[in-house]
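**Student:** Take this structure first; my questions come after.
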Amino acid sequence: MSDRIFGEIPGIAEGQTFANRIELSLSLVHRPRQAGISGSQLEGADCIVLSGGYEDDVDYENVIVYTGHGGRDISSGKQVTDQDMIRGNLALALSCQRGLPVRVIRGYTNLSSHAPQEGYRYDGLFRVEEYWKEKGRSGAWFGASD
């Protein structure tokens, strides 16, 4: 069993900022230093980072359409291959099924008016209400469903 924390991290307040992904990791808010989804396909997802890496992500402040992970071309940012229900995508689906809270971090590279000007900001707990599979702007399927 891991020591994964679902929910609030003691000593971390909503709105708290972090200079970089290393600070996020050391604070235990979002452990992976690169991946956008922190979680396990056996336990669920405990945190996501919105960083503008996926063209189909949408940030409405209190509602987020999060593409998941996989299939993205790093150089163009386009979804070039379909996503699968594995790893982080499966972790998010499990959090939905179990009603687990997911911490949301917004990064300065997120193409949203809700993103911080610099660094990363912890914006509170969200719930994964649903997940589905849909064809994205570039023609590949994202938001893997089971």
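All residue names refer to the structure tokens as shown: chains lettered A, B, ... in order, residues numbered from 1 in each chain, ligands numbered from 1 in order.
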Using only C-alpha atoms, which residues sit within 8 Å of region 56-71 of chain A once same-chain residues fewer than 6 positions away are excluded, as a PyMOL selection string?

**Tutor:** chain A and resi 36-37+50+79-84+88-89+112+114+136-137+140+142-144

**Student:** Give me, as a ChimeraX atom specification, all polymer residues having an atom no more than 10 Å from Gly124 (chain A), counting only C-alpha atoms and skipping those fewer than 4 positions away in the same chain.

**Tutor:** /A:7-8,12-16,47,62,101-105

**Student:** Looking only at the backbone, which of the residues in region 12-55 of chain A does DSSP tag as strand (DSSP E or B), as a list in words?

**Tutor:** Thr17, Phe18, Ile37, Ser38, Gly39, Ser40, Gly44, Ala45, Asp46, Cys47, Ile48, Val49 and Leu50 of chain A

**Student:** Enter the distance from CA of Gly11 (chain A) to CA of Gln97 (chain A), in Å, rounded to one decimal.

**Tutor:** 28.0 Å

**Student:** Which residue gives the smallest distance to Tyr122 (chain A) among A:Met85, A:Ala45, A:Leu28, A:Leu92, with only C-alpha atoms counted?

**Tutor:** A:Leu28

**Student:** Could you pull out the alpha helix (DSSP H) residues of region 5-144 of chain A from DSSP and send them as a PyMOL selection string?

**Tutor:** chain A and resi 21-26+87-98

**Student:** Expressed in Å to a single decimal, how great is the separation between CA of Arg33 (chain A) and CA of Glu134 (chain A)?

**Tutor:**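 Between CA of Arg33 (chain A) and CA of Glu134 (chain A) the gap works out to 28.0 Å.
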
**Student:** In Å, rounded to a single decimal, give me how far CA of Arg121 (chain A) is from CA of Phe18 (chain A).

**Tutor:** 6.2 Å
